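Peer 1: Quick one: structure below, then a few questions.
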Amino acid sequence: MTATLVDPDAGPGSLTISDRTVERIAAAAIGEVDGVGGSAARVLGVAVGRDEAVQVTAVVGARTTSLAVRLSVAYPAPVARTTGAARAHVVRRVQELTGLAVTRVDITVTALHGNTPHTRRVQ
């Protein structure tokens, strides 16, 4: 879906914003938040491999949008506080850059990641 914004004070013409555009803006905004990483790939409910990019799905209406975000959180950061900061930041940035009101942001935390690299030890 797309949103077409018409501003009579801006002169003739209109601005059309696609779902994909909002998704990319939201993913970039989430990447600006400390303690947040990409969505972890999962097999049978277990995080495997490297993190992918933050995954965002947007549904754009006439002047509003709703977002579904999949991300990981750095351990031991508080999950509720980190996702709250991510939610507030993405709402502000999407509104600033698109002019659309964000009505809902659903966040799914796919993994918790420590700051230390994973190394295997033989015992």
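Naming scheme: A, B, ... for chains in displayed order of the structure tokens; residues 1 onward per chain; ligands 1 onward as shown.
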Considering only C-alpha atoms, return as a VMD selection string whatever protein or nucleic-acid residues lie within 12 Å of stretch 58-62 of chain A, sequence-local ones (same chain, fewer than 5 positions apart) excluded.
Peer 2: chain A and resid 1 to 6 15 to 27 67 to 70 94 98 to 106
Peer 1: Keeping only C-alpha atoms, write those residues as a CSV table (one decimal), in the first residue's frame.
Peer 2:
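Saved to out09.csv:
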chain,number,residue,atom,x,y,z
A,1,MET,CA,0.0,0.0,0.0
A,2,THR,CA,1.1,3.6,-0.3
A,3,ALA,CA,0.3,6.9,1.2
A,4,THR,CA,-0.2,10.0,-1.0
A,5,LEU,CA,0.3,13.2,0.9
A,6,VAL,CA,-1.0,16.4,-0.6
A,15,LEU,CA,4.1,12.9,-2.5
A,16,THR,CA,3.6,9.1,-2.6
A,17,ILE,CA,5.3,7.0,0.1
A,18,SER,CA,5.4,3.2,-0.3
A,19,ASP,CA,5.5,0.5,2.4
A,20,ARG,CA,9.0,-0.4,1.4
A,21,THR,CA,10.2,3.2,1.8
A,22,VAL,CA,8.8,3.3,5.4
A,23,GLU,CA,10.3,-0.1,6.1
A,24,ARG,CA,13.8,1.1,5.1
A,25,ILE,CA,13.5,4.3,7.1
A,26,ALA,CA,12.4,2.4,10.2
A,27,ALA,CA,15.2,-0.2,9.9
A,67,LEU,CA,5.2,-1.3,12.0
A,68,ALA,CA,6.2,-4.8,13.0
A,69,VAL,CA,9.9,-5.0,13.9
A,70,ARG,CA,12.1,-8.1,14.5
A,94,VAL,CA,9.6,7.9,10.8
A,98,THR,CA,7.9,10.8,6.2
A,99,GLY,CA,5.2,13.0,7.8
A,100,LEU,CA,3.2,9.8,8.6
A,101,ALA,CA,1.9,9.3,12.1
A,102,VAL,CA,3.0,5.9,13.5
A,103,THR,CA,0.0,4.3,15.2
A,104,ARG,CA,1.6,1.1,16.3
A,105,VAL,CA,5.0,-0.6,16.6
A,106,ASP,CA,5.1,-4.3,17.4
Peer 1: Restricting the calculation to only C-alpha atoms: of A:Gly13, A:Gly114, A:Gly31, A:Pro76, which residue gets closest to A:His89?
Peer 2: A:Gly31
Peer 1: Looking at A:Gly35, A:Arg63, A:Ala74, A:Ile30, which one is nearest to A:His113, with distances taken over only C-alpha atoms?
Peer 2: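 Closest to A:His113 of all the choices is A:Ala74.
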Peer 1: Can you tell me, as a PyMOL selection string, what residues are no more than 7 Å from A:Leu112 when counting only C-alpha atoms, ignoring any on the same chain fewer than 3 positions away?
Peer 2: chain A and resi 72-75
Peer 1: Just write the chosen residues, C-alpha atoms, as an mmCIF file, in the first residue's frame.
Peer 2:
data_model
loop_
_atom_site.group_PDB
_atom_site.id
_atom_site.type_symbol
_atom_site.label_atom_id
_atom_site.label_comp_id
_atom_site.auth_asym_id
_atom_site.auth_seq_id
_atom_site.Cartn_x
_atom_site.Cartn_y
_atom_site.Cartn_z
ATOM 1 C CA SER A 72 17.943 -8.732 18.835
ATOM 2 C CA VAL A 73 18.981 -7.090 22.109
ATOM 3 C CA ALA A 74 22.490 -7.011 23.589
ATOM 4 C CA TYR A 75 22.746 -8.960 26.849
#
Peer 1: Measure the distance from atom CA of A:Thr82 to atom CA of A:Ala111 in Å and round it to one decimal.
Peer 2: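 These two atoms are separated by 13.1 Å.
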Peer 1: Rounded to one decimal in Å, what is the spacing between atom CA of A:Thr57 and atom CA of A:Ala80?
Peer 2: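 Answer for the atom CA of A:Thr57 to atom CA of A:Ala80 separation: 20.8 Å.
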Peer 1: Measuring atom to atom with only C-alpha atoms, identify which of A:Leu71, A:Ala29, A:Val36, A:Ala53 is nearest to A:Arg92.
Peer 2: A:Ala29
Peer 1: Could you check the closest approach to A:Asp34 for each of A:Thr64, A:Thr110, A:Gln95, A:Thr83 and tell me which residue wins, using only C-alpha atoms?
Peer 2: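 The closest residue to A:Asp34 is A:Thr83.
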